[in-house]
Amino acid sequence: MTRPASPLKTIEQRLLWLSHWMIHNANHVRPKVDDIKVGGHQASSASMVSILTALYFSALKPEDRVAVKPHGSPVFHAMQYLMGQQTREKLEAFRGFGGAQSYPSRTKDIDDVDFSTGSVGLGVGITAFAALIQDYILAKDWEGTLPPGRMVALAGDAELDEGNIYEALQEGWKHDLRNCWWIIDYNRQSLDGVVREGLFDRIEKIFGAFGWDVVRVKYGALQRAAFQEPGGEALRGWIDACPNQLYSALTYQGGAVWRRHLMDDLGDQGDVSALLDARNDRELATLMENLGGNCVDTMAETFAAIDHDRPTCFLCYTVKGWGTPIAGHKDNHGGLMTTAQMAEWQAHMGIAEGQEWEPLAGVSDPEGLRAFLDTVPFFAKGPRRYTAAALPVPPVAAPTDAVISTQMAFGKILDALAKGSSDLAARILTTSPDVTGTTSLGPWVNRRKLFAREARADTFLEQRIPSTAKWAFAPDGQHIELGIAEMNLFLLLGAAGLSHALFGQRLIPIGTVYDPFVARGLDALNYACYQDARFLIVGTPSGVTLAPEGGAHQSVGTPLIGMAQDGLAAFEPAYADELAVILEWAFGYLQRDGEGDPDERTWLRDETGGSVYLRLTTSPIEQPGQRADDAFRQGAIDGAYWLRPPGPNCEVVIAYQGAVAPEAVEAAGLIGEGRRDIGVLAVTSADRLNAGWTAAQRARSRGNARATSHVERLLADVPSHCAMITVIDGHPATLSWLGAVHGHRTLPLGVEHFGQTGTIGDLRRHHGIDADSILEKVQGLTCGRPLRFGTAADL
């Protein structure tokens, strides 16, 4: 008599079928337009199906959060469909326009995605930082704090090649990581081949060194039972000694080849022969493929046995393509079942023709299974995306120093917030990768302390050793100090920037980094923005202003990163009052979650909100005095304002962004001796100017003839014959497009090559962004007509 399948086994088989049919439909049934393979990773989905089933339908609680392996996304979508949180229409359009996404996406999918995945390794790492943010919230006395959950990552073994995973491991150790599970699908196959022998030994040693428990899940229930039979120990020894490539190849070839190979290797021993002879070829293949990660009951028991909050790595042995005709083949990572294979497999799975999309097709007791599904704890509360009220933004005042850098002004503004008692200040979380002091966060940290679950005194303070840094650690601390790993910085900002949705508590995360090293964490920055995490990133010092440090510490392309990065509003203020206005706006912008309709004043979708990037400088400059007029304030937010409006006879406009303001102003003053109508455009955000301009153009192409962007209005009265010089301490392409707005002749100045050591003046002259270089270019743009001005040296 056949034993009835357990609910978990039945669910596993439903998810296996639905995920594979979804992929098959996309590649072989749905009409093709581009005549290319759609893909979908059938084999990688199959290796994860038992793990995902045991995790979601047995182990998880609603407060747990999961990052699903990118290539396991079809199983995730199938699971959500089974639970009524995904639609058939979306699955039929899998990997198509508007359909279920190739990899789980918080922003693009309708099902209950906790963390987006896709760029491998990042979904793993962010769970460690989400666990740290959860501890940060739990340590605060905030009303409505949720009970702690586990932060879980599901990863393929090849994903462990990603270096950011090991950076995250080290940071987790430093911060006493807990409530974090990483579940490794150890199928021993990657895109290009089979994983090298002995990887699991290295994995265990690395994780153990950082304080993780490692649970090896190697054998399924069928294998463990067989090991108890006479001859079972010999079989276990053979499995343990079998190379990865051979195990995969035998899996693909099936039961008869398994039998022949085992008999050849183990010999015709009575006990072993009896063990093998007791099973037909199909049963023998099932036994040999019953590794721990492909046994749903084994996985459920393994998860249930964890009764502590220590970080735990589960090393789950699986077969890639398990349960399908392509199981074990080394080319199966991107491979697909053929139409003939799928038809044969459909019959094997007991799915009637026309019932392919039915959630419970082939289930012998659908009412019983539905009753079980209704009691699964993880799904009991439905979607688990929370909201948190927006925090009031207090007025932000600029420092009154006559000469100050934007970096120093930023530190003073934060210090002023630290002195106050606003709700916003209480929710600010700062972080930095070992550059806290050199990015002007020191005063904030001294007042608001560093975070740790258990208080730790500042030894230097206790020993009465003078120091400007008062580094006391406490549960109520509001700064998280990181090591030198920018990937970790952006993963932490991503996790903190999702706290309102993940944990129901709003944070205002602020990270500081050396501006040239934004690029070192660019993948994680993009990943955080793709999830719509909300944070403020401060890159400083900008351009070549850290002149004595040389080219390695000078940023060239970061303004273009700010312009190109979706979900990130980039600013580069030159003056402290601009920075104060932008910061006050940014604190509100981080908290917005409105509609995507554009504001017809700027054509920017500001009501949706997003993250903010500030590119600041260490170079002190003379401040322009108090400015509070609406045109200045709104212009600083919208991206530009006239520092010196052009007159009707204007021949030259100088448009600058950021630290080169003094050079632009100096050059304009000299030119103004002979040309009083010269204009000076102060650009605070090439990003927002450009985004509004392109959006207005799209609106006009769709029939709205009145759509006009902020930059178009700013430049509307500039005479058509006027020449334009753009200047930035960064790549000149950042502002070069300004001439295209109304067709003005434009010459962009900036930095295109790695710098060298020297003074700021040396490097400005070297790159041609000093006042004399601006004057020289103006002469060229005015077609050689003499202008009455001297040189900067004449002043």
# chains A, B, ... in the order shown; residues from 1 in each chain; ligands from 1
$ residues_around --residues "Leu169 (chain A)" --least-positions-apart "2" --cutoff "10 Å" --atoms "only C-alpha atoms" --output "JSON list (two decimals) with N, CA and C atoms, in the first residue's frame"
[["chain", "number", "residue", "atom", "x", "y", "z"],
["A", 125, "GLY", "N", 24.15, 39.29, 1.41],
["A", 125, "GLY", "CA", 24.77, 40.21, 2.35],
["A", 125, "GLY", "C", 23.78, 41.12, 3.06],
["A", 128, "ALA", "N", 22.30, 40.15, 6.55],
["A", 128, "ALA", "CA", 23.10, 40.38, 7.76],
["A", 128, "ALA", "C", 22.91, 41.81, 8.26],
["A", 164, "ASN", "N", 31.76, 40.30, -1.79],
["A", 164, "ASN", "CA", 31.02, 41.10, -0.80],
["A", 164, "ASN", "C", 30.43, 40.22, 0.30],
["A", 165, "ILE", "N", 30.23, 38.93, 0.02],
["A", 165, "ILE", "CA", 29.71, 38.03, 1.05],
["A", 165, "ILE", "C", 30.70, 37.93, 2.21],
["A", 166, "TYR", "N", 31.97, 37.86, 1.91],
["A", 166, "TYR", "CA", 32.96, 37.71, 2.97],
["A", 166, "TYR", "C", 33.20, 39.03, 3.69],
["A", 167, "GLU", "N", 33.05, 40.16, 2.99],
["A", 167, "GLU", "CA", 33.09, 41.45, 3.67],
["A", 167, "GLU", "C", 31.94, 41.55, 4.67],
["A", 171, "GLU", "N", 31.97, 41.98, 8.92],
["A", 171, "GLU", "CA", 31.25, 43.06, 9.59],
["A", 171, "GLU", "C", 30.23, 42.49, 10.57],
["A", 172, "GLY", "N", 29.60, 41.38, 10.20],
["A", 172, "GLY", "CA", 28.66, 40.74, 11.11],
["A", 172, "GLY", "C", 29.32, 40.27, 12.38],
["A", 173, "TRP", "N", 30.52, 39.71, 12.25],
["A", 173, "TRP", "CA", 31.26, 39.28, 13.44],
["A", 173, "TRP", "C", 31.55, 40.46, 14.36],
["A", 174, "LYS", "N", 31.95, 41.58, 13.78],
["A", 174, "LYS", "CA", 32.28, 42.75, 14.59],
["A", 174, "LYS", "C", 31.06, 43.28, 15.35],
["A", 177, "LEU", "N", 26.54, 39.63, 15.22],
["A", 177, "LEU", "CA", 25.36, 39.29, 14.41],
["A", 177, "LEU", "C", 24.55, 38.17, 15.04],
["A", 206, "ILE", "N", 35.48, 28.94, 6.97],
["A", 206, "ILE", "CA", 35.31, 30.39, 6.91],
["A", 206, "ILE", "C", 34.17, 30.83, 7.82],
["A", 207, "PHE", "N", 33.04, 30.17, 7.72],
["A", 207, "PHE", "CA", 31.91, 30.55, 8.55],
["A", 207, "PHE", "C", 32.20, 30.30, 10.02],
["A", 209, "ALA", "N", 35.04, 30.46, 11.47],
["A", 209, "ALA", "CA", 35.98, 31.47, 11.95],
["A", 209, "ALA", "C", 35.27, 32.76, 12.35],
["A", 210, "PHE", "N", 34.14, 33.03, 11.75],
["A", 210, "PHE", "CA", 33.41, 34.26, 12.07],
["A", 210, "PHE", "C", 32.24, 34.00, 13.02],
["A", 211, "GLY", "N", 32.26, 32.87, 13.69],
["A", 211, "GLY", "CA", 31.30, 32.62, 14.76],
["A", 211, "GLY", "C", 29.96, 32.07, 14.33],
["A", 212, "TRP", "N", 29.88, 31.56, 13.11],
["A", 212, "TRP", "CA", 28.63, 30.97, 12.64],
["A", 212, "TRP", "C", 28.57, 29.49, 12.98],
["A", 488, "ASN", "N", 29.63, 47.16, 2.01],
["A", 488, "ASN", "CA", 28.91, 47.05, 3.27],
["A", 488, "ASN", "C", 28.18, 48.34, 3.61]]
$ select_by_dssp --residues "region 554-769 of chain A" --states "strand (DSSP E or B)" --output "PyMOL selection string"
chain A and resi 568-571+611-615+621-622+640-644+652-657+679-683+723-728+745-749
$ write_last_selection --atoms "N, CA and C atoms" --output "compact mmCIF listing (two decimals), in the first residue's frame"
# COMPACT_ATOMS: atom_id res chain seq x y z
N LEU A 568 17.83 58.08 -7.19
CA LEU A 568 18.79 58.86 -6.41
C LEU A 568 18.81 60.28 -6.96
N ALA A 569 18.45 61.24 -6.12
CA ALA A 569 18.54 62.66 -6.49
C ALA A 569 19.90 63.17 -6.06
N ALA A 570 20.71 63.62 -7.04
CA ALA A 570 22.09 64.01 -6.76
C ALA A 570 22.24 65.52 -6.74
N PHE A 571 22.93 66.04 -5.74
CA PHE A 571 23.18 67.47 -5.58
C PHE A 571 24.67 67.70 -5.35
N SER A 611 16.05 58.39 -2.65
CA SER A 611 17.27 58.65 -1.89
C SER A 611 17.97 59.88 -2.43
N VAL A 612 18.95 60.37 -1.69
CA VAL A 612 19.63 61.62 -2.04
C VAL A 612 21.14 61.43 -1.91
N TYR A 613 21.87 61.97 -2.87
CA TYR A 613 23.33 61.93 -2.89
C TYR A 613 23.84 63.36 -2.86
N LEU A 614 24.68 63.68 -1.88
CA LEU A 614 25.32 64.98 -1.78
C LEU A 614 26.80 64.84 -2.08
N ARG A 615 27.28 65.59 -3.05
CA ARG A 615 28.71 65.60 -3.37
C ARG A 615 29.29 66.88 -2.78
N ILE A 621 35.37 78.01 1.18
CA ILE A 621 35.18 79.13 0.26
C ILE A 621 34.42 80.24 0.97
N GLU A 622 34.58 81.43 0.47
CA GLU A 622 33.90 82.59 1.03
C GLU A 622 32.40 82.48 0.73
N ALA A 640 19.06 74.69 -10.03
CA ALA A 640 19.89 75.83 -10.45
C ALA A 640 19.15 77.13 -10.19
N TYR A 641 19.91 78.20 -10.08
CA TYR A 641 19.37 79.55 -9.97
C TYR A 641 20.41 80.51 -10.51
N TRP A 642 19.98 81.71 -10.83
CA TRP A 642 20.92 82.70 -11.34
C TRP A 642 21.65 83.38 -10.18
N LEU A 643 22.94 83.12 -10.07
CA LEU A 643 23.75 83.88 -9.12
C LEU A 643 23.95 85.31 -9.64
N ARG A 644 24.03 85.42 -10.96
CA ARG A 644 24.09 86.72 -11.62
C ARG A 644 23.26 86.61 -12.89
N VAL A 652 28.18 86.02 -22.74
CA VAL A 652 28.77 84.84 -22.10
C VAL A 652 27.98 84.49 -20.85
N VAL A 653 27.68 83.19 -20.69
CA VAL A 653 27.13 82.66 -19.44
C VAL A 653 28.12 81.62 -18.91
N ILE A 654 28.47 81.77 -17.65
CA ILE A 654 29.27 80.74 -16.98
C ILE A 654 28.35 79.93 -16.08
N ALA A 655 28.25 78.66 -16.34
CA ALA A 655 27.46 77.75 -15.52
C ALA A 655 28.41 76.83 -14.78
N TYR A 656 28.32 76.80 -13.47
CA TYR A 656 29.23 75.98 -12.68
C TYR A 656 28.42 75.10 -11.72
N GLN A 657 29.07 74.06 -11.25
CA GLN A 657 28.48 73.22 -10.19
C GLN A 657 29.56 72.89 -9.17
N GLY A 679 26.23 86.42 -17.46
CA GLY A 679 25.40 85.66 -16.54
C GLY A 679 26.20 84.57 -15.84
N VAL A 680 25.84 84.32 -14.60
CA VAL A 680 26.47 83.22 -13.84
C VAL A 680 25.35 82.33 -13.32
N LEU A 681 25.32 81.09 -13.80
CA LEU A 681 24.30 80.13 -13.40
C LEU A 681 24.87 79.19 -12.36
N ALA A 682 24.31 79.23 -11.16
CA ALA A 682 24.73 78.33 -10.08
C ALA A 682 23.92 77.05 -10.18
N VAL A 683 24.56 75.98 -10.59
CA VAL A 683 23.90 74.68 -10.71
C VAL A 683 24.14 73.89 -9.42
N ALA A 723 27.38 82.75 -25.77
CA ALA A 723 28.19 81.55 -25.56
C ALA A 723 28.07 81.09 -24.11
N MET A 724 28.29 79.80 -23.90
CA MET A 724 28.16 79.24 -22.56
C MET A 724 29.41 78.44 -22.22
N ILE A 725 29.96 78.73 -21.05
CA ILE A 725 31.07 77.94 -20.49
C ILE A 725 30.53 77.18 -19.29
N THR A 726 30.70 75.87 -19.27
CA THR A 726 30.31 75.09 -18.09
C THR A 726 31.56 74.61 -17.38
N VAL A 727 31.55 74.65 -16.06
CA VAL A 727 32.73 74.31 -15.26
C VAL A 727 32.32 73.43 -14.09
N ILE A 728 33.05 72.35 -13.89
CA ILE A 728 32.81 71.46 -12.75
C ILE A 728 34.11 70.77 -12.38
N ARG A 745 26.01 77.93 -28.08
CA ARG A 745 27.37 77.40 -28.23
C ARG A 745 27.95 77.16 -26.83
N THR A 746 28.48 75.98 -26.63
CA THR A 746 28.90 75.60 -25.28
C THR A 746 30.28 74.96 -25.31
N LEU A 747 31.08 75.32 -24.32
CA LEU A 747 32.38 74.67 -24.13
C LEU A 747 32.43 74.17 -22.69
N PRO A 748 32.43 72.85 -22.51
CA PRO A 748 32.45 72.30 -21.15
C PRO A 748 33.87 72.13 -20.62
N LEU A 749 34.09 72.59 -19.41
CA LEU A 749 35.37 72.40 -18.73
C LEU A 749 35.18 71.46 -17.56
$ residues_around --residues "Ala131 (chain A)" --least-positions-apart "4" --cutoff "10 Å" --atoms "only C-alpha atoms" --output "PyMOL selection string"
chain A and resi 65+126-127+135-137+148-152+172+177-181+311+492+495
$ write_last_selection --atoms "N, CA and C atoms" --output "short mmCIF file (atom, residue, chain, number, x, y, z; two decimals), in the first residue's frame"
data_model
loop_
_atom_site.label_atom_id
_atom_site.label_comp_id
_atom_site.auth_asym_id
_atom_site.auth_seq_id
_atom_site.Cartn_x
_atom_site.Cartn_y
_atom_site.Cartn_z
N ARG A 65 12.20 37.54 7.42
CA ARG A 65 12.39 38.17 6.12
C ARG A 65 13.37 37.34 5.30
N ILE A 126 22.72 41.56 2.35
CA ILE A 126 21.82 42.53 2.97
C ILE A 126 21.07 41.93 4.15
N THR A 127 20.90 40.61 4.19
CA THR A 127 20.19 40.03 5.32
C THR A 127 20.97 40.20 6.62
N ASP A 135 18.23 44.77 15.29
CA ASP A 135 18.76 44.93 16.65
C ASP A 135 18.83 46.40 17.05
N TYR A 136 19.20 47.26 16.11
CA TYR A 136 19.24 48.70 16.37
C TYR A 136 17.86 49.20 16.80
N ILE A 137 16.83 48.76 16.11
CA ILE A 137 15.46 49.19 16.44
C ILE A 137 15.01 48.60 17.77
N PRO A 148 11.27 40.24 17.18
CA PRO A 148 12.36 39.97 16.23
C PRO A 148 12.06 38.77 15.35
N GLY A 149 12.54 38.85 14.13
CA GLY A 149 12.44 37.72 13.21
C GLY A 149 13.81 37.33 12.72
N ARG A 150 13.86 36.26 11.96
CA ARG A 150 15.12 35.85 11.35
C ARG A 150 15.24 36.46 9.97
N MET A 151 16.45 36.90 9.65
CA MET A 151 16.76 37.42 8.32
C MET A 151 17.44 36.28 7.56
N VAL A 152 16.80 35.82 6.50
CA VAL A 152 17.18 34.57 5.84
C VAL A 152 17.60 34.85 4.40
N GLY A 172 29.60 41.38 10.20
CA GLY A 172 28.66 40.74 11.11
C GLY A 172 29.32 40.27 12.38
N LEU A 177 26.54 39.63 15.22
CA LEU A 177 25.36 39.29 14.41
C LEU A 177 24.55 38.17 15.04
N ARG A 178 23.24 38.28 14.96
CA ARG A 178 22.34 37.20 15.39
C ARG A 178 21.09 37.22 14.51
N ASN A 179 20.25 36.19 14.69
CA ASN A 179 18.99 36.08 13.95
C ASN A 179 19.21 36.15 12.44
N CYS A 180 20.22 35.45 11.97
CA CYS A 180 20.52 35.44 10.54
C CYS A 180 20.80 34.02 10.08
N TRP A 181 20.09 33.58 9.04
CA TRP A 181 20.31 32.27 8.43
C TRP A 181 20.75 32.48 6.98
N PRO A 311 24.01 33.16 14.35
CA PRO A 311 23.96 33.07 12.88
C PRO A 311 24.27 31.65 12.45
N LEU A 492 24.21 48.31 4.19
CA LEU A 492 23.62 48.77 5.45
C LEU A 492 22.64 49.90 5.20
N ALA A 495 19.46 48.37 3.87
CA ALA A 495 18.64 47.73 4.91
C ALA A 495 17.98 48.76 5.80
#
$ select_by_dssp --residues "region 664-787 of chain A" --states "alpha helix (DSSP H)" --output "short mmCIF file (atom, residue, chain, number, x, y, z; two decimals) with N, CA and C atoms, in the first residue's frame"
data_model
loop_
_atom_site.label_atom_id
_atom_site.label_comp_id
_atom_site.auth_asym_id
_atom_site.auth_seq_id
_atom_site.Cartn_x
_atom_site.Cartn_y
_atom_site.Cartn_z
N ALA A 664 34.61 80.37 -10.93
CA ALA A 664 33.59 80.89 -11.84
C ALA A 664 33.24 82.34 -11.52
N VAL A 665 33.09 82.61 -10.23
CA VAL A 665 32.75 83.98 -9.81
C VAL A 665 33.89 84.94 -10.12
N GLU A 666 35.12 84.50 -9.87
CA GLU A 666 36.28 85.33 -10.16
C GLU A 666 36.37 85.66 -11.65
N ALA A 667 36.20 84.62 -12.47
CA ALA A 667 36.26 84.84 -13.92
C ALA A 667 35.14 85.77 -14.38
N ALA A 668 33.96 85.60 -13.83
CA ALA A 668 32.84 86.46 -14.21
C ALA A 668 33.10 87.91 -13.82
N GLY A 669 33.73 88.11 -12.65
CA GLY A 669 34.05 89.47 -12.23
C GLY A 669 35.02 90.14 -13.17
N LEU A 670 36.01 89.40 -13.64
CA LEU A 670 36.98 89.97 -14.56
C LEU A 670 36.34 90.28 -15.91
N ILE A 671 35.54 89.36 -16.40
CA ILE A 671 34.88 89.59 -17.67
C ILE A 671 33.90 90.76 -17.56
N ALA A 686 22.83 69.03 -11.51
CA ALA A 686 22.70 68.71 -12.93
C ALA A 686 21.74 67.54 -13.12
N ASP A 687 21.69 66.67 -12.14
CA ASP A 687 20.80 65.51 -12.19
C ASP A 687 19.34 65.94 -12.31
N ARG A 688 18.90 66.81 -11.41
CA ARG A 688 17.49 67.21 -11.42
C ARG A 688 17.17 68.13 -12.61
N LEU A 689 18.10 68.98 -13.00
CA LEU A 689 17.89 69.80 -14.19
C LEU A 689 17.68 68.93 -15.42
N ASN A 690 18.57 67.95 -15.59
CA ASN A 690 18.51 67.10 -16.76
C ASN A 690 17.27 66.22 -16.75
N ALA A 691 16.93 65.68 -15.58
CA ALA A 691 15.75 64.81 -15.49
C ALA A 691 14.47 65.58 -15.81
N GLY A 692 14.36 66.82 -15.31
CA GLY A 692 13.19 67.63 -15.63
C GLY A 692 13.11 67.99 -17.09
N TRP A 693 14.27 68.28 -17.70
CA TRP A 693 14.31 68.64 -19.12
C TRP A 693 13.87 67.48 -20.01
N THR A 694 14.42 66.29 -19.77
CA THR A 694 14.05 65.15 -20.60
C THR A 694 12.60 64.75 -20.37
N ALA A 695 12.11 64.90 -19.14
CA ALA A 695 10.71 64.57 -18.87
C ALA A 695 9.77 65.54 -19.57
N ALA A 696 10.13 66.83 -19.59
CA ALA A 696 9.30 67.81 -20.29
C ALA A 696 9.29 67.54 -21.79
N GLN A 697 10.42 67.11 -22.33
CA GLN A 697 10.46 66.76 -23.76
C GLN A 697 9.54 65.59 -24.06
N ARG A 698 9.52 64.60 -23.19
CA ARG A 698 8.62 63.47 -23.39
C ARG A 698 7.16 63.92 -23.33
N ALA A 699 6.87 64.82 -22.40
CA ALA A 699 5.50 65.31 -22.28
C ALA A 699 5.08 66.06 -23.54
N ARG A 700 5.97 66.86 -24.11
CA ARG A 700 5.65 67.58 -25.34
C ARG A 700 5.43 66.62 -26.50
N SER A 701 6.24 65.56 -26.54
CA SER A 701 6.08 64.60 -27.64
C SER A 701 4.76 63.84 -27.55
N HIS A 710 12.32 73.42 -15.62
CA HIS A 710 12.97 74.50 -14.89
C HIS A 710 14.16 75.05 -15.67
N VAL A 711 14.99 74.19 -16.24
CA VAL A 711 16.17 74.68 -16.95
C VAL A 711 15.78 75.42 -18.22
N GLU A 712 14.70 75.00 -18.86
CA GLU A 712 14.26 75.72 -20.06
C GLU A 712 13.80 77.13 -19.72
N ARG A 713 13.13 77.29 -18.59
CA ARG A 713 12.71 78.63 -18.18
C ARG A 713 13.92 79.48 -17.77
N LEU A 714 14.87 78.86 -17.08
CA LEU A 714 16.05 79.61 -16.66
C LEU A 714 16.82 80.18 -17.86
N LEU A 715 16.93 79.40 -18.92
CA LEU A 715 17.75 79.81 -20.06
C LEU A 715 16.96 80.47 -21.17
N ALA A 733 31.16 66.24 -19.01
CA ALA A 733 29.88 65.83 -19.60
C ALA A 733 28.71 66.10 -18.67
N THR A 734 28.99 66.28 -17.37
CA THR A 734 27.93 66.53 -16.39
C THR A 734 27.09 67.74 -16.78
N LEU A 735 27.74 68.79 -17.29
CA LEU A 735 27.04 70.03 -17.64
C LEU A 735 27.05 70.34 -19.13
N SER A 736 27.71 69.54 -19.92
CA SER A 736 27.91 69.87 -21.34
C SER A 736 26.59 69.94 -22.10
N GLY A 739 23.98 73.43 -23.25
CA GLY A 739 23.87 74.18 -24.49
C GLY A 739 22.79 73.66 -25.41
N ALA A 740 22.42 72.38 -25.26
CA ALA A 740 21.39 71.80 -26.12
C ALA A 740 19.98 72.24 -25.75
N VAL A 741 19.81 72.81 -24.57
CA VAL A 741 18.47 73.18 -24.13
C VAL A 741 17.86 74.20 -25.08
N HIS A 742 18.61 75.26 -25.42
CA HIS A 742 18.13 76.27 -26.37
C HIS A 742 19.12 76.54 -27.49
N ILE A 760 45.44 72.58 -4.40
CA ILE A 760 44.20 72.69 -5.16
C ILE A 760 44.41 73.60 -6.36
N GLY A 761 45.12 74.73 -6.16
CA GLY A 761 45.39 75.63 -7.26
C GLY A 761 46.20 74.98 -8.37
N ASP A 762 47.21 74.17 -7.99
CA ASP A 762 48.00 73.45 -8.99
C ASP A 762 47.11 72.58 -9.86
N LEU A 763 46.25 71.83 -9.21
CA LEU A 763 45.44 70.87 -9.95
C LEU A 763 44.33 71.54 -10.75
N ARG A 764 43.77 72.64 -10.23
CA ARG A 764 42.77 73.38 -11.01
C ARG A 764 43.42 73.91 -12.30
N ARG A 765 44.63 74.45 -12.19
CA ARG A 765 45.32 74.93 -13.39
C ARG A 765 45.65 73.78 -14.32
N HIS A 766 46.10 72.66 -13.74
CA HIS A 766 46.48 71.49 -14.54
C HIS A 766 45.30 70.99 -15.38
N HIS A 767 44.12 71.00 -14.78
CA HIS A 767 42.94 70.49 -15.49
C HIS A 767 42.17 71.58 -16.23
N ALA A 771 40.35 80.16 -12.86
CA ALA A 771 39.77 81.38 -13.44
C ALA A 771 40.47 81.77 -14.74
N ASP A 772 41.79 81.67 -14.79
CA ASP A 772 42.49 82.05 -16.02
C ASP A 772 42.09 81.16 -17.19
N SER A 773 41.90 79.86 -16.94
CA SER A 773 41.48 78.95 -18.02
C SER A 773 40.09 79.30 -18.51
N ILE A 774 39.21 79.67 -17.59
CA ILE A 774 37.87 80.08 -17.98
C ILE A 774 37.95 81.32 -18.88
N LEU A 775 38.77 82.31 -18.49
CA LEU A 775 38.93 83.51 -19.29
C LEU A 775 39.45 83.18 -20.69
N GLU A 776 40.40 82.29 -20.75
CA GLU A 776 40.97 81.91 -22.05
C GLU A 776 39.91 81.28 -22.95
N LYS A 777 39.07 80.43 -22.38
CA LYS A 777 38.03 79.77 -23.18
C LYS A 777 36.96 80.76 -23.62
N VAL A 778 36.66 81.72 -22.76
CA VAL A 778 35.69 82.75 -23.15
C VAL A 778 36.21 83.51 -24.36
N GLN A 779 37.48 83.83 -24.37
CA GLN A 779 38.07 84.54 -25.51
C GLN A 779 37.88 83.74 -26.80
N GLY A 780 38.10 82.43 -26.70
CA GLY A 780 37.93 81.60 -27.88
C GLY A 780 36.49 81.53 -28.35
N LEU A 781 35.55 81.47 -27.41
CA LEU A 781 34.14 81.34 -27.77
C LEU A 781 33.57 82.62 -28.35
#
$ residues_around --residues "Leu160 (chain A)" --least-positions-apart "4" --cutoff "12 Å" --atoms "only C-alpha atoms" --output "ChimeraX atom specification"
/A:69,120-125,154-156,164-169,182-186,188,190,195,199-200,202-203,206-207,315
$ residues_around --residues "Glu752 (chain A)" --least-positions-apart "2" --cutoff "8 Å" --atoms "only C-alpha atoms" --output "list in words"
Val556, Gly730, His731, Pro732, Gly750 and Phe754 of chain A
$ write_last_selection --atoms "N, CA and C atoms" --output "mmCIF file, in the first residue's frame"
data_model
loop_
_atom_site.group_PDB
_atom_site.id
_atom_site.type_symbol
_atom_site.label_atom_id
_atom_site.label_comp_id
_atom_site.auth_asym_id
_atom_site.auth_seq_id
_atom_site.Cartn_x
_atom_site.Cartn_y
_atom_site.Cartn_z
ATOM 1 N N VAL A 556 36.311 61.711 -10.395
ATOM 2 C CA VAL A 556 36.060 62.288 -11.712
ATOM 3 C C VAL A 556 34.638 61.998 -12.181
ATOM 4 N N GLY A 730 34.869 67.779 -11.938
ATOM 5 C CA GLY A 730 34.386 66.443 -12.234
ATOM 6 C C GLY A 730 34.312 66.318 -13.739
ATOM 7 N N HIS A 731 33.709 65.262 -14.239
ATOM 8 C CA HIS A 731 33.683 65.056 -15.685
ATOM 9 C C HIS A 731 32.859 66.139 -16.383
ATOM 10 N N PRO A 732 33.408 66.760 -17.448
ATOM 11 C CA PRO A 732 32.711 67.879 -18.084
ATOM 12 C C PRO A 732 31.370 67.511 -18.714
ATOM 13 N N GLY A 750 36.198 70.662 -17.274
ATOM 14 C CA GLY A 750 36.117 69.728 -16.160
ATOM 15 C C GLY A 750 37.351 68.868 -16.074
ATOM 16 N N PHE A 754 42.978 61.119 -14.432
ATOM 17 C CA PHE A 754 43.442 60.999 -13.057
ATOM 18 C C PHE A 754 44.388 62.159 -12.740
#
$ closest_residue --among "A:Gln591, A:Gln86, A:Thr708, A:Thr436" --to "Pro392 (chain A)" --atoms "only C-alpha atoms"
A:Gln591
$ atom_distance --atom1 "CA of Pro147 (chain A)" --atom2 "CA of Thr375 (chain A)"
20.4 Å
$ residues_around --residues "Met299 (chain A)" --least-positions-apart "2" --cutoff "10 Å" --atoms "only C-alpha atoms" --output "list in words"
Ser50, Ile51, Leu52, Thr53, Ala54, Leu55, Ser58, Ala59, Val217, Gly220, Ala221, Gly292, Gly293, Asn294, Cys295, Val296, Asp297, Glu301, Thr302, Phe303, Ala304, Ala305, Phe314 and Cys316 of chain A
$ closest_residue --among "A:Ile769, A:Leu429, A:Met487, A:Ile413" --to "Val544 (chain A)" --atoms "only C-alpha atoms"
A:Ile769
$ residues_around --residues "Phe473 (chain A)" --least-positions-apart "2" --cutoff "12 Å" --atoms "only C-alpha atoms" --output "tab-separated table (two decimals) with C-alpha atoms, in the first residue's frame"
chain	number	residue	atom	x	y	z
A	175	HIS	CA	28.68	43.65	15.41
A	445	VAL	CA	28.82	60.91	17.09
A	446	ASN	CA	30.18	62.61	20.19
A	447	ARG	CA	26.68	63.75	21.11
A	448	ARG	CA	24.66	60.76	19.90
A	449	LYS	CA	27.16	57.90	20.57
A	450	LEU	CA	27.86	54.71	18.68
A	451	PHE	CA	25.41	51.82	18.62
A	452	ALA	CA	26.08	48.48	20.30
A	453	ARG	CA	23.64	46.06	21.93
A	454	GLU	CA	25.70	46.23	25.11
A	455	ALA	CA	27.31	49.40	26.47
A	456	ARG	CA	31.09	49.78	26.09
A	457	ALA	CA	33.01	52.65	27.59
A	458	ASP	CA	35.53	54.81	25.74
A	459	THR	CA	38.85	53.59	27.13
A	470	LYS	CA	34.32	60.45	22.41
A	471	TRP	CA	33.64	56.90	21.24
A	475	PRO	CA	22.14	50.63	22.89
A	476	ASP	CA	20.76	54.13	22.39
A	477	GLY	CA	23.70	55.13	20.14
A	478	GLN	CA	22.87	56.41	16.68
A	479	HIS	CA	26.04	55.76	14.69
A	480	ILE	CA	27.15	52.41	13.26
A	481	GLU	CA	30.85	52.35	12.49
